[in-house]
$ cat my_file_8.pdb   # PDB, C-alpha atoms
ATOM      1  CA  MET N   1      70.655  92.703   9.985
ATOM      2  CA  ARG N   2      67.720  92.055  12.251
ATOM      3  CA  CYS N   3      68.142  90.017  15.404
ATOM      4  CA  THR N   4      65.146  87.918  16.416
ATOM      5  CA  ARG N   5      64.477  86.415  19.779
ATOM      6  CA  PRO N   6      63.107  82.904  20.083
ATOM      7  CA  SER N   7      59.470  82.807  21.089
ATOM      8  CA  ILE N   8      58.440  81.649  24.529
ATOM      9  CA  THR N   9      56.785  78.539  23.145
ATOM     10  CA  THR N  10      59.915  77.383  21.349
ATOM     11  CA  THR N  11      62.128  77.956  24.366
ATOM     12  CA  MET N  12      59.724  76.375  26.860
ATOM     13  CA  LYS N  13      58.582  73.422  24.761
ATOM     14  CA  PRO N  14      61.562  71.158  25.595
ATOM     15  CA  LEU N  15      60.779  71.609  29.305
ATOM     16  CA  TYR N  16      57.304  70.069  28.959
ATOM     17  CA  ASN N  17      57.185  66.329  29.044
ATOM     18  CA  PRO N  18      54.175  64.306  30.200
ATOM     19  CA  LEU N  19      56.508  61.727  31.708
ATOM     20  CA  ILE N  20      57.676  64.364  34.216
ATOM     21  CA  HIS N  21      54.064  64.804  35.380
ATOM     22  CA  ILE N  22      53.629  61.045  35.639
ATOM     23  CA  ILE N  23      56.824  60.560  37.673
ATOM     24  CA  LEU N  24      56.029  63.504  39.971
ATOM     25  CA  ALA N  25      52.507  62.171  40.577
ATOM     26  CA  PHE N  26      53.909  58.742  41.519
ATOM     27  CA  VAL N  27      56.595  60.194  43.789
ATOM     28  CA  LEU N  28      54.157  62.566  45.484
ATOM     29  CA  GLY N  29      51.578  59.820  45.967
ATOM     30  CA  ILE N  30      54.049  57.300  47.381
ATOM     31  CA  PHE N  31      55.577  59.915  49.710
ATOM     32  CA  MET N  32      52.140  60.910  50.985
ATOM     33  CA  ILE N  33      51.099  57.305  51.604
ATOM     34  CA  LEU N  34      54.347  56.303  53.325
ATOM     35  CA  PHE N  35      54.651  59.447  55.483
ATOM     36  CA  PRO N  36      51.140  60.880  55.960
ATOM     37  CA  ASP N  37      51.945  62.631  59.254
ATOM     38  CA  TYR N  38      54.824  64.600  57.740
ATOM     39  CA  ALA N  39      53.749  64.959  54.117
ATOM     40  CA  LEU N  40      51.847  68.244  54.225
ATOM     41  CA  HIS N  41      54.419  69.888  56.465
ATOM     42  CA  TYR N  42      57.323  69.012  54.182
ATOM     43  CA  ILE N  43      55.407  69.738  50.995
ATOM     44  CA  ALA N  44      54.691  73.220  52.379
ATOM     45  CA  ILE N  45      58.392  73.741  53.148
ATOM     46  CA  VAL N  46      59.383  72.559  49.649
ATOM     47  CA  LEU N  47      56.810  74.942  48.174
ATOM     48  CA  GLY N  48      58.331  77.742  50.239
ATOM     49  CA  LEU N  49      61.805  76.882  48.966
ATOM     50  CA  ILE N  50      60.520  76.735  45.374
ATOM     51  CA  LEU N  51      59.319  80.304  45.781
ATOM     52  CA  LEU N  52      62.204  81.551  47.906
ATOM     53  CA  ILE N  53      65.252  80.412  45.922
ATOM     54  CA  PRO N  54      64.351  81.833  42.480
ATOM     55  CA  GLY N  55      63.118  85.019  44.151
ATOM     56  CA  ILE N  56      66.434  85.506  45.928
ATOM     57  CA  VAL N  57      68.327  84.794  42.704
ATOM     58  CA  GLN N  58      66.319  87.439  40.823
ATOM     59  CA  VAL N  59      66.719  90.069  43.551
ATOM     60  CA  VAL N  60      70.475  89.423  43.805
ATOM     61  CA  ARG N  61      70.755  89.544  40.007
ATOM     62  CA  TYR N  62      68.995  92.912  40.023
ATOM     63  CA  ILE N  63      71.297  94.249  42.730
ATOM     64  CA  ILE N  64      74.428  93.062  40.916
ATOM     65  CA  GLU N  65      73.329  94.433  37.554
ATOM     66  CA  HIS N  66      72.044  97.652  39.089
ATOM     67  CA  THR N  67      75.335  98.363  40.835
ATOM     68  CA  ASP N  68      77.414  97.503  37.756
ATOM     69  CA  LYS N  69      77.016 100.821  35.930
ATOM     70  CA  SER N  70      79.247  99.891  33.016
ATOM     71  CA  ARG N  71      77.155  96.822  32.211
ATOM     72  CA  ARG N  72      73.957  98.848  32.483
ATOM     73  CA  MET N  73      75.361 101.542  30.206
ATOM     74  CA  ARG N  74      76.497  98.955  27.638
ATOM     75  CA  ARG N  75      73.013  97.511  27.499
ATOM     76  CA  ASN N  76      71.595 101.026  27.359
ATOM     77  CA  SER N  77      68.602  99.959  29.389
ATOM     78  CA  SER N  78      67.116 100.733  32.725
ATOM     79  CA  LEU N  79      66.477  97.821  35.026
ATOM     80  CA  ARG N  80      63.190  97.662  36.893
ATOM     81  CA  PHE N  81      63.052  96.310  40.397
ATOM     82  CA  PRO N  82      61.782  92.693  40.297
ATOM     83  CA  LEU N  83      58.660  93.150  42.422
ATOM     84  CA  LEU N  84      57.375  89.661  41.632
ATOM     85  CA  ALA N  85      60.678  88.181  42.800
ATOM     86  CA  LEU N  86      60.440  90.118  46.058
ATOM     87  CA  LEU N  87      56.880  88.845  46.559
ATOM     88  CA  CYS N  88      58.135  85.295  45.953
ATOM     89  CA  VAL N  89      60.816  85.795  48.614
ATOM     90  CA  ILE N  90      58.240  87.099  51.102
ATOM     91  CA  ALA N  91      55.791  84.275  50.312
ATOM     92  CA  GLY N  92      58.567  81.673  50.519
ATOM     93  CA  VAL N  93      59.708  82.904  53.924
ATOM     94  CA  ALA N  94      56.111  83.016  55.186
ATOM     95  CA  ILE N  95      55.444  79.479  54.002
ATOM     96  CA  ILE N  96      58.663  78.160  55.543
ATOM     97  CA  CYS N  97      57.930  79.936  58.850
ATOM     98  CA  PHE N  98      54.259  78.841  59.021
ATOM     99  CA  PRO N  99      54.055  75.425  57.312
ATOM    100  CA  THR N 100      51.153  74.216  59.466
ATOM    101  CA  THR N 101      48.896  77.046  58.329
ATOM    102  CA  VAL N 102      49.958  76.499  54.763
ATOM    103  CA  ALA N 103      49.290  72.759  55.164
ATOM    104  CA  LYS N 104      45.681  73.513  56.090
ATOM    105  CA  ILE N 105      45.301  75.663  52.996
ATOM    106  CA  PHE N 106      47.171  73.033  51.010
ATOM    107  CA  ILE N 107      44.470  70.453  51.770
ATOM    108  CA  TYR N 108      41.989  72.547  49.804
ATOM    109  CA  LEU N 109      44.483  73.108  47.006
ATOM    110  CA  LEU N 110      45.175  69.387  46.741
ATOM    111  CA  ALA N 111      41.459  68.660  46.560
ATOM    112  CA  ALA N 112      41.016  71.335  43.888
ATOM    113  CA  PHE N 113      43.894  69.788  41.946
ATOM    114  CA  LEU N 114      42.123  66.423  41.934
ATOM    115  CA  VAL N 115      38.887  68.034  40.739
ATOM    116  CA  PHE N 116      40.626  69.876  37.898
ATOM    117  CA  ALA N 117      42.708  66.823  36.961
ATOM    118  CA  GLY N 118      39.589  64.659  36.788
ATOM    119  CA  ILE N 119      37.729  67.226  34.688
ATOM    120  CA  TYR N 120      40.752  67.686  32.422
ATOM    121  CA  GLU N 121      41.061  63.970  31.757
ATOM    122  CA  ILE N 122      37.340  63.578  31.071
ATOM    123  CA  VAL N 123      37.405  66.528  28.654
ATOM    124  CA  PHE N 124      40.561  65.116  27.033
ATOM    125  CA  LEU N 125      38.832  61.794  26.409
ATOM    126  CA  VAL N 126      35.685  63.455  25.072
ATOM    127  CA  LEU N 127      37.665  65.702  22.707
ATOM    128  CA  LEU N 128      39.601  62.805  21.205
ATOM    129  CA  HIS N 129      36.549  61.953  19.074
ATOM    130  CA  ARG N 130      37.637  58.342  18.960
ATOM    131  CA  ASN N 131      35.747  55.239  19.897
ATOM    132  CA  ILE N 132      37.020  55.094  23.472
ATOM    133  CA  PRO N 133      35.770  52.294  25.743
ATOM    134  CA  MET N 134      33.878  53.420  28.843
ATOM    135  CA  GLY N 135      36.560  51.807  31.023
ATOM    136  CA  TYR N 136      38.879  54.713  30.221
ATOM    137  CA  TYR N 137      36.468  57.059  32.014
ATOM    138  CA  ILE N 138      36.595  55.159  35.324
ATOM    139  CA  LEU N 139      39.898  56.588  36.589
ATOM    140  CA  PRO N 140      39.118  60.232  35.735
ATOM    141  CA  ILE N 141      35.715  59.897  37.385
ATOM    142  CA  LEU N 142      37.317  58.406  40.513
ATOM    143  CA  ILE N 143      39.837  61.249  40.579
ATOM    144  CA  LEU N 144      37.030  63.801  40.223
ATOM    145  CA  VAL N 145      34.870  62.209  42.926
ATOM    146  CA  THR N 146      37.826  61.994  45.332
ATOM    147  CA  GLY N 147      38.568  65.678  44.792
ATOM    148  CA  ILE N 148      34.933  66.677  45.318
ATOM    149  CA  LEU N 149      34.683  64.644  48.525
ATOM    150  CA  LEU N 150      37.850  66.233  49.876
ATOM    151  CA  LEU N 151      36.622  69.717  48.974
ATOM    152  CA  LEU N 152      33.254  69.202  50.628
ATOM    153  CA  ASN N 153      34.451  67.638  53.863
ATOM    154  CA  PRO N 154      38.223  67.892  54.371
ATOM    155  CA  LEU N 155      38.268  68.671  58.082
ATOM    156  CA  SER N 156      36.098  65.772  59.255
ATOM    157  CA  ILE N 157      38.670  63.289  58.065
ATOM    158  CA  THR N 158      41.883  62.943  60.026
ATOM    159  CA  LYS N 159      44.922  64.469  58.362
ATOM    160  CA  ALA N 160      46.621  61.097  57.917
ATOM    161  CA  VAL N 161      43.593  59.617  56.145
ATOM    162  CA  LEU N 162      43.205  62.733  54.045
ATOM    163  CA  VAL N 163      46.835  62.715  52.983
ATOM    164  CA  THR N 164      46.709  58.984  52.249
ATOM    165  CA  VAL N 165      43.577  59.444  50.134
ATOM    166  CA  PHE N 166      45.230  62.248  48.206
ATOM    167  CA  GLY N 167      48.387  60.164  47.844
ATOM    168  CA  GLY N 168      46.287  57.357  46.393
ATOM    169  CA  GLY N 169      44.576  59.882  44.140
ATOM    170  CA  ALA N 170      47.952  61.148  42.925
ATOM    171  CA  ILE N 171      49.050  57.591  42.134
ATOM    172  CA  VAL N 172      45.770  56.908  40.282
ATOM    173  CA  TYR N 173      46.294  60.157  38.369
ATOM    174  CA  GLY N 174      49.828  59.048  37.477
ATOM    175  CA  ILE N 175      48.562  55.641  36.317
ATOM    176  CA  SER N 176      45.825  57.162  34.170
ATOM    177  CA  GLU N 177      48.243  59.684  32.645
ATOM    178  CA  LEU N 178      50.686  56.853  31.918
ATOM    179  CA  ILE N 179      47.924  54.835  30.238
ATOM    180  CA  TYR N 180      46.888  57.831  28.127
ATOM    181  CA  TYR N 181      50.503  58.633  27.298
ATOM    182  CA  ILE N 182      51.156  55.092  26.081
ATOM    183  CA  LYS N 183      47.800  54.697  24.324
ATOM    184  CA  PHE N 184      47.502  58.099  22.648
ATOM    185  CA  LYS N 185      51.068  59.348  22.076
ATOM    186  CA  GLN N 186      51.721  60.292  18.508
TER     187      GLN N 186
END

$ encode --input "my_file_8.pdb" --output "structure tokens"
Amino acid sequence: MRCTRPSITTTMKPLYNPLIHIILAFVLGIFMILFPDYALHYIAIVLGLILLIPGIVQVVRYIIEHTDKSRRMRRNSSLRFPLLALLCVIAGVAIICFPTTVAKIFIYLLAAFLVFAGIYEIVFLVLLHRNIPMGYYILPILILVTGILLLLNPLSITKAVLVTVFGGGAIVYGISELIYYIKFKQ
């Protein structure tokens, strides 16, 4: 009897839900508008924790399974050291220890996110091959323009204004995704 493993797409599919993206965009945007002086600092720390915690779990799992010889012999397999997990731990610690530096880099990443989100939504609308009113292109174009402006000149704008603009961009992205989700869900 042959044992088959579920494919990655079938196991990961339940985790993808556009409503999660919409809610996260709203929460991120509102947080950035309400607390612009602290937003980048805390987002950097959360990013560090997101890298650190799973990395620690994987390294500890390796150590536990590596020291349990009977379990390893039952599986009849050799465990490889989780190098990626160790890199995540190192990156997480670095981000948590130096959030200000990461926040500066994060400004560029946030701007790039807006550019890619705007392009993605424009391409999505073009590929629908439906008679879509031009009004649907306004929000993606605004998202794209905001991202380009932030990429071209992020340091001339004060951090609070920059974070507020990105927060507004995240909310606009959430609104446009919600509109597309409602309008085009099948």

$ axis_aligned_box --input "my_file_8.pdb" --around "region 120-130 of chain N" --padding-each-side "5 Å" --output "AutoDock Vina command-line options"
--center_x 38.4 --center_y 63.0 --center_z 25.7 --size_x 15.4 --size_y 19.3 --size_z 23.5

$ atom_distance --input "my_file_8.pdb" --atom1 "CA of Ala117 (chain N)" --atom2 "CA of Gly167 (chain N)"
14.0 Å

$ atom_distance --input "my_file_8.pdb" --atom1 "CA of Ile63 (chain N)" --atom2 "CA of Pro82 (chain N)"
9.9 Å

$ residues_around --input "my_file_8.pdb" --residues "region 145-153 of chain N" --least-positions-apart "5" --cutoff "7 Å" --atoms "only C-alpha atoms" --output "MDAnalysis selection string"
chainID N and resid 108 111:112 114:115

$ closest_atom_pairs --input "my_file_8.pdb" --of "region 99-137 of chain N" --to "region 32-38 of chain N" --cutoff "12 Å" --atoms "all atoms listed in the file" --output "Markdown table"
| residue | atom | partner | partner_atom | distance |
| --- | --- | --- | --- | --- |
| N:Pro99 | CA | N:Tyr38 | CA | 10.9 |
| N:Thr100 | CA | N:Tyr38 | CA | 10.4 |
| N:Ala103 | CA | N:Tyr38 | CA | 10.2 |
| N:Leu110 | CA | N:Met32 | CA | 11.8 |

$ resolve_selection --input "my_file_8.pdb" --expression "the PyMOL selection byres ((chain N and resi 118) around 12)" --output "PyMOL selection string"
chain N and resi 111-117+119-125+136-148+169-170+172-174+176-177

$ atom_distance --input "my_file_8.pdb" --atom1 "CA of Gly48 (chain N)" --atom2 "CA of Ala91 (chain N)"
7.0 Å

$ residues_near_point --input "my_file_8.pdb" --point "(63.8, 85.0, 45.3)" --cutoff "10 Å" --atoms "all atoms listed in the file" --output "PDB file with C-alpha atoms, keeping the file's coordinate frame"
ATOM      1  CA  LEU N  49      61.805  76.882  48.966  1.00  0.00           C
ATOM      2  CA  ILE N  50      60.520  76.735  45.374  1.00  0.00           C
ATOM      3  CA  LEU N  51      59.319  80.304  45.781  1.00  0.00           C
ATOM      4  CA  LEU N  52      62.204  81.551  47.906  1.00  0.00           C
ATOM      5  CA  ILE N  53      65.252  80.412  45.922  1.00  0.00           C
ATOM      6  CA  PRO N  54      64.351  81.833  42.480  1.00  0.00           C
ATOM      7  CA  GLY N  55      63.118  85.019  44.151  1.00  0.00           C
ATOM      8  CA  ILE N  56      66.434  85.506  45.928  1.00  0.00           C
ATOM      9  CA  VAL N  57      68.327  84.794  42.704  1.00  0.00           C
ATOM     10  CA  GLN N  58      66.319  87.439  40.823  1.00  0.00           C
ATOM     11  CA  VAL N  59      66.719  90.069  43.551  1.00  0.00           C
ATOM     12  CA  VAL N  60      70.475  89.423  43.805  1.00  0.00           C
ATOM     13  CA  ARG N  61      70.755  89.544  40.007  1.00  0.00           C
ATOM     14  CA  PRO N  82      61.782  92.693  40.297  1.00  0.00           C
ATOM     15  CA  LEU N  84      57.375  89.661  41.632  1.00  0.00           C
ATOM     16  CA  ALA N  85      60.678  88.181  42.800  1.00  0.00           C
ATOM     17  CA  LEU N  86      60.440  90.118  46.058  1.00  0.00           C
ATOM     18  CA  LEU N  87      56.880  88.845  46.559  1.00  0.00           C
ATOM     19  CA  CYS N  88      58.135  85.295  45.953  1.00  0.00           C
ATOM     20  CA  VAL N  89      60.816  85.795  48.614  1.00  0.00           C
ATOM     21  CA  ILE N  90      58.240  87.099  51.102  1.00  0.00           C
ATOM     22  CA  ALA N  91      55.791  84.275  50.312  1.00  0.00           C
ATOM     23  CA  GLY N  92      58.567  81.673  50.519  1.00  0.00           C
ATOM     24  CA  VAL N  93      59.708  82.904  53.924  1.00  0.00           C
TER      25      VAL N  93
END

$ closest_residue --input "my_file_8.pdb" --among "N:Ile175, N:Lys104, N:Phe81, N:His41" --to "Leu24 (chain N)" --atoms "only C-alpha atoms"
N:Ile175
